[in-house]
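Student: Pasting in a structure now, in structure tokens, and then I'll have a few things to ask.
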Amino acid sequence: VQTCALPIYSLSYGSSVGHINASSNSITNCSEYGVAINTQIKVSICENNIDTTSYGVFWFSGATSDISVISNTISNTTNTAVAPSSVTNINVSNNLINTVGGSGIAVDTCDNVIVSENIVKSAASRGIYIQASCTVVSVIGNTLKSNILGMFINAGALVINNSMSGNTTNFAGQFVPMGEIGTSATPSVSGMQTATCTPAAPLTITNFLNGYTG
């Protein structure tokens, strides 16, 4: 039985709602997921407090495109805090992730990925993990502190201006971070977008205080 997750999986293509904005919720003491995403429309997960869960924000296979996870505080997870999988256009930015049993952010089989300006501290595995199955990836401006491994990059990626300190190992993987980049960088830095929590006319879910059991 999954207790107290905020479920985002009841809407799909054909719905009159084109965007779900789940924001300003407090989700604590969950046996599995803080936020569970399984829908084929745009979703923004913004400014939530997720504490003491198994996974913080988790994707099922039905979540296919246009997902933003922005400005959340995720703490004390027993597994990975943010785990996008099989998504096109994923933006994970400006989150504070602290004390997680797995990786802070682990991205698998995603295309057009932005991971920027996150702070990840005290992860028992990797602060940021980009798997080889990902394409068109930017990892920019993140702060990684006191993790077992700061960053593991196994896909071709634009990796710049990240701060790593106090990790057992700062960096591993097949691709090393870049220093300065020019206008010919691939993928283009012009692909970076300003993180926003205010999509046009979304369905908004707020003030979710535990409560769901399903």
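Quick note on naming: the chains in the structure tokens go A, B, ... in the order shown, residues restart at 1 in each chain, and ligands are numbered from 1 in order of appearance.
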I want to know what sits within 8 Å of range 130-133 of chain A, based on only C-alpha atoms, with residues of the same chain fewer than 4 positions away left out; could you give that as a PyMOL selection string?

Tutor: chain A and resi 106-110+152-156

Student: Please return as a VMD selection string: the residues of range 11-188 of chain A that backbone DSSP assigns to strand (DSSP E or B).

Tutor: chain A and resid 19 to 23 26 to 28 33 to 37 42 to 46 49 to 53 55 to 59 65 to 70 73 to 77 82 to 83 85 88 to 93 96 to 100 105 to 108 111 to 116 119 to 123 126 to 130 135 to 140 143 to 145 149 to 153 157 to 160 163 to 165 169 to 173

Student: Fewer than 2 positions away in the same chain doesn't count, so skip those; otherwise give me all residues within 7 Å of range 111-119 of chain A, counting only C-alpha atoms, as an MDAnalysis selection string.

Tutor: chainID A and resid 87:97 109 121 134:144

Student: Go ahead and write the residues just picked, N, CA, C and O atoms, as an mmCIF file, in the first residue's frame.

Tutor:
data_model
loop_
_atom_site.group_PDB
_atom_site.id
_atom_site.type_symbol
_atom_site.label_atom_id
_atom_site.label_comp_id
_atom_site.auth_asym_id
_atom_site.auth_seq_id
_atom_site.Cartn_x
_atom_site.Cartn_y
_atom_site.Cartn_z
ATOM 1 N N VAL A 87 11.815 10.358 -20.286
ATOM 2 C CA VAL A 87 11.116 11.631 -20.466
ATOM 3 C C VAL A 87 11.850 12.460 -21.513
ATOM 4 O O VAL A 87 13.084 12.504 -21.527
ATOM 5 N N THR A 88 11.112 13.130 -22.374
ATOM 6 C CA THR A 88 11.658 14.121 -23.292
ATOM 7 C C THR A 88 11.340 15.507 -22.753
ATOM 8 O O THR A 88 10.193 15.770 -22.387
ATOM 9 N N ASN A 89 12.333 16.362 -22.699
ATOM 10 C CA ASN A 89 12.205 17.721 -22.157
ATOM 11 C C ASN A 89 11.983 17.672 -20.645
ATOM 12 O O ASN A 89 10.867 17.780 -20.144
ATOM 13 N N ILE A 90 13.073 17.522 -19.914
ATOM 14 C CA ILE A 90 13.033 17.439 -18.457
ATOM 15 C C ILE A 90 13.945 18.524 -17.887
ATOM 16 O O ILE A 90 15.091 18.658 -18.301
ATOM 17 N N ASN A 91 13.401 19.308 -16.968
ATOM 18 C CA ASN A 91 14.143 20.395 -16.341
ATOM 19 C C ASN A 91 14.126 20.182 -14.830
ATOM 20 O O ASN A 91 13.072 20.227 -14.201
ATOM 21 N N VAL A 92 15.296 19.918 -14.249
ATOM 22 C CA VAL A 92 15.441 19.754 -12.796
ATOM 23 C C VAL A 92 16.353 20.874 -12.324
ATOM 24 O O VAL A 92 17.572 20.820 -12.537
ATOM 25 N N SER A 93 15.782 21.899 -11.715
ATOM 26 C CA SER A 93 16.547 23.106 -11.421
ATOM 27 C C SER A 93 16.174 23.715 -10.076
ATOM 28 O O SER A 93 15.017 23.645 -9.639
ATOM 29 N N ASN A 94 17.185 24.308 -9.432
ATOM 30 C CA ASN A 94 16.985 25.119 -8.221
ATOM 31 C C ASN A 94 16.398 24.336 -7.051
ATOM 32 O O ASN A 94 15.692 24.913 -6.212
ATOM 33 N N ASN A 95 16.672 23.054 -6.992
ATOM 34 C CA ASN A 95 16.196 22.245 -5.876
ATOM 35 C C ASN A 95 17.271 22.125 -4.798
ATOM 36 O O ASN A 95 18.463 22.122 -5.095
ATOM 37 N N LEU A 96 16.821 22.015 -3.540
ATOM 38 C CA LEU A 96 17.710 21.717 -2.427
ATOM 39 C C LEU A 96 17.463 20.277 -2.005
ATOM 40 O O LEU A 96 16.351 19.931 -1.584
ATOM 41 N N ILE A 97 18.476 19.433 -2.149
ATOM 42 C CA ILE A 97 18.365 17.998 -1.855
ATOM 43 C C ILE A 97 19.391 17.669 -0.787
ATOM 44 O O ILE A 97 20.589 17.902 -0.975
ATOM 45 N N THR A 109 17.538 7.428 -19.555
ATOM 46 C CA THR A 109 16.806 7.324 -20.822
ATOM 47 C C THR A 109 15.946 8.552 -21.067
ATOM 48 O O THR A 109 14.757 8.467 -21.385
ATOM 49 N N LYS A 121 23.398 17.645 -1.183
ATOM 50 C CA LYS A 121 24.304 17.407 -0.057
ATOM 51 C C LYS A 121 24.023 16.052 0.583
ATOM 52 O O LYS A 121 22.887 15.622 0.688
ATOM 53 N N CYS A 134 20.967 8.726 -21.947
ATOM 54 C CA CYS A 134 20.433 10.084 -22.089
ATOM 55 C C CYS A 134 21.089 10.803 -23.269
ATOM 56 O O CYS A 134 22.235 10.540 -23.618
ATOM 57 N N THR A 135 20.343 11.759 -23.864
ATOM 58 C CA THR A 135 20.858 12.549 -24.980
ATOM 59 C C THR A 135 20.514 14.023 -24.767
ATOM 60 O O THR A 135 19.527 14.358 -24.127
ATOM 61 N N VAL A 136 21.349 14.893 -25.339
ATOM 62 C CA VAL A 136 21.198 16.356 -25.265
ATOM 63 C C VAL A 136 21.043 16.790 -23.812
ATOM 64 O O VAL A 136 19.957 17.141 -23.348
ATOM 65 N N VAL A 137 22.136 16.773 -23.090
ATOM 66 C CA VAL A 137 22.132 16.988 -21.636
ATOM 67 C C VAL A 137 22.966 18.213 -21.285
ATOM 68 O O VAL A 137 24.083 18.384 -21.786
ATOM 69 N N SER A 138 22.426 19.057 -20.407
ATOM 70 C CA SER A 138 23.172 20.181 -19.838
ATOM 71 C C SER A 138 23.169 20.050 -18.321
ATOM 72 O O SER A 138 22.105 19.937 -17.709
ATOM 73 N N VAL A 139 24.353 20.069 -17.715
ATOM 74 C CA VAL A 139 24.499 20.020 -16.254
ATOM 75 C C VAL A 139 25.298 21.254 -15.870
ATOM 76 O O VAL A 139 26.519 21.300 -16.044
ATOM 77 N N ILE A 140 24.617 22.275 -15.360
ATOM 78 C CA ILE A 140 25.222 23.596 -15.240
ATOM 79 C C ILE A 140 24.926 24.207 -13.871
ATOM 80 O O ILE A 140 23.775 24.240 -13.419
ATOM 81 N N GLY A 141 25.959 24.706 -13.213
ATOM 82 C CA GLY A 141 25.786 25.547 -12.042
ATOM 83 C C GLY A 141 25.274 24.851 -10.801
ATOM 84 O O GLY A 141 24.674 25.493 -9.939
ATOM 85 N N ASN A 142 25.513 23.550 -10.667
ATOM 86 C CA ASN A 142 25.067 22.812 -9.493
ATOM 87 C C ASN A 142 26.134 22.836 -8.397
ATOM 88 O O ASN A 142 27.327 22.958 -8.668
ATOM 89 N N THR A 143 25.692 22.704 -7.153
ATOM 90 C CA THR A 143 26.588 22.616 -6.009
ATOM 91 C C THR A 143 26.443 21.241 -5.381
ATOM 92 O O THR A 143 25.341 20.841 -4.987
ATOM 93 N N LEU A 144 27.554 20.503 -5.300
ATOM 94 C CA LEU A 144 27.548 19.122 -4.824
ATOM 95 C C LEU A 144 28.514 19.018 -3.660
ATOM 96 O O LEU A 144 29.722 19.195 -3.825
#

Student: Between A:Thr78, A:Asn49, A:Asn162, A:Ser71, which is the closest to Ser31 in chain A once you count only C-alpha atoms?

Tutor: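 Looking only at the distances to Ser31 in chain A, the closest residue turns out to be A:Thr78.
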
Student: Report the distance between CA of Gly127 in chain A and CA of Thr28 in chain A in Å, rounded to one decimal place.

Tutor: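 Separation of CA of Gly127 in chain A and CA of Thr28 in chain A: 21.7 Å.
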
Student: Which residues come within 10 Å of Asn170 in chain A, counting only C-alpha atoms, excluding same-chain residues fewer than 3 positions away, as a compact mmCIF listing (two decimals) with N, CA, C and O atoms, in the first residue's frame?

Tutor:
# COMPACT_ATOMS: atom_id res chain seq x y z
N ARG A 126 25.46 9.00 -5.58
CA ARG A 126 25.94 10.09 -6.42
C ARG A 126 25.10 11.35 -6.19
O ARG A 126 23.89 11.28 -6.04
N GLY A 127 25.75 12.50 -6.24
CA GLY A 127 24.98 13.74 -6.20
C GLY A 127 24.14 13.89 -7.45
O GLY A 127 22.92 14.09 -7.39
N LEU A 144 27.55 20.50 -5.30
CA LEU A 144 27.55 19.12 -4.82
C LEU A 144 28.51 19.02 -3.66
O LEU A 144 29.72 19.20 -3.83
N LYS A 145 27.97 18.73 -2.46
CA LYS A 145 28.78 18.78 -1.25
C LYS A 145 28.55 17.53 -0.39
O LYS A 145 27.42 17.10 -0.20
N SER A 146 29.65 16.95 0.07
CA SER A 146 29.61 15.88 1.07
C SER A 146 28.82 14.66 0.60
O SER A 146 28.15 13.99 1.39
N ASN A 147 28.91 14.35 -0.69
CA ASN A 147 28.32 13.13 -1.25
C ASN A 147 29.40 12.06 -1.38
O ASN A 147 30.60 12.36 -1.39
N ILE A 148 29.01 10.80 -1.50
CA ILE A 148 30.00 9.76 -1.77
C ILE A 148 30.69 10.03 -3.10
O ILE A 148 31.92 10.02 -3.21
N LEU A 149 29.92 10.31 -4.14
CA LEU A 149 30.44 10.69 -5.46
C LEU A 149 29.69 11.94 -5.91
O LEU A 149 28.47 11.94 -5.98
N GLY A 150 30.41 12.99 -6.19
CA GLY A 150 29.75 14.24 -6.56
C GLY A 150 28.93 14.13 -7.82
O GLY A 150 27.74 14.43 -7.83
N MET A 151 29.57 13.67 -8.91
CA MET A 151 28.90 13.66 -10.21
C MET A 151 29.39 12.47 -11.02
O MET A 151 30.60 12.20 -11.07
N PHE A 152 28.46 11.76 -11.65
CA PHE A 152 28.81 10.63 -12.52
C PHE A 152 28.12 10.87 -13.86
O PHE A 152 26.90 10.81 -13.95
N SER A 163 30.04 23.29 -8.77
CA SER A 163 30.93 23.36 -7.61
C SER A 163 30.87 22.05 -6.86
O SER A 163 29.79 21.58 -6.49
N MET A 164 32.03 21.44 -6.62
CA MET A 164 32.09 20.16 -5.91
C MET A 164 33.09 20.26 -4.77
O MET A 164 34.25 20.63 -4.98
N SER A 165 32.64 19.93 -3.56
CA SER A 165 33.53 20.01 -2.40
C SER A 165 33.09 19.01 -1.34
O SER A 165 31.90 18.74 -1.17
N GLY A 166 34.06 18.45 -0.66
CA GLY A 166 33.77 17.57 0.45
C GLY A 166 33.21 16.22 0.08
O GLY A 166 32.80 15.44 0.94
N ASN A 167 33.17 15.90 -1.23
CA ASN A 167 32.72 14.59 -1.67
C ASN A 167 33.86 13.58 -1.51
O ASN A 167 35.04 13.93 -1.63

Student: Measure the distance from CA of Phe58 in chain A to CA of Ser26 in chain A in Å and round it to one decimal.

Tutor: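 Calculated distance between CA of Phe58 in chain A and CA of Ser26 in chain A is 16.2 Å.
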
Student: With a distance cut-off of 9 Å and only C-alpha atoms, select the neighbouring residues of range 54-57 of chain A, excluding the residue or stretch itself and same-chain residues fewer than 3 positions from it, and output the selection as a PyMOL selection string.

Tutor: chain A and resi 29-37+45+50-51+69+74-84+100-102

Student: Give me, as number ranges by chain, all polymer residues having an atom no more than 6 Å from Asn72 in chain A, counting only C-alpha atoms and skipping those fewer than 3 positions away in the same chain.

Tutor: A: 46-48, 95
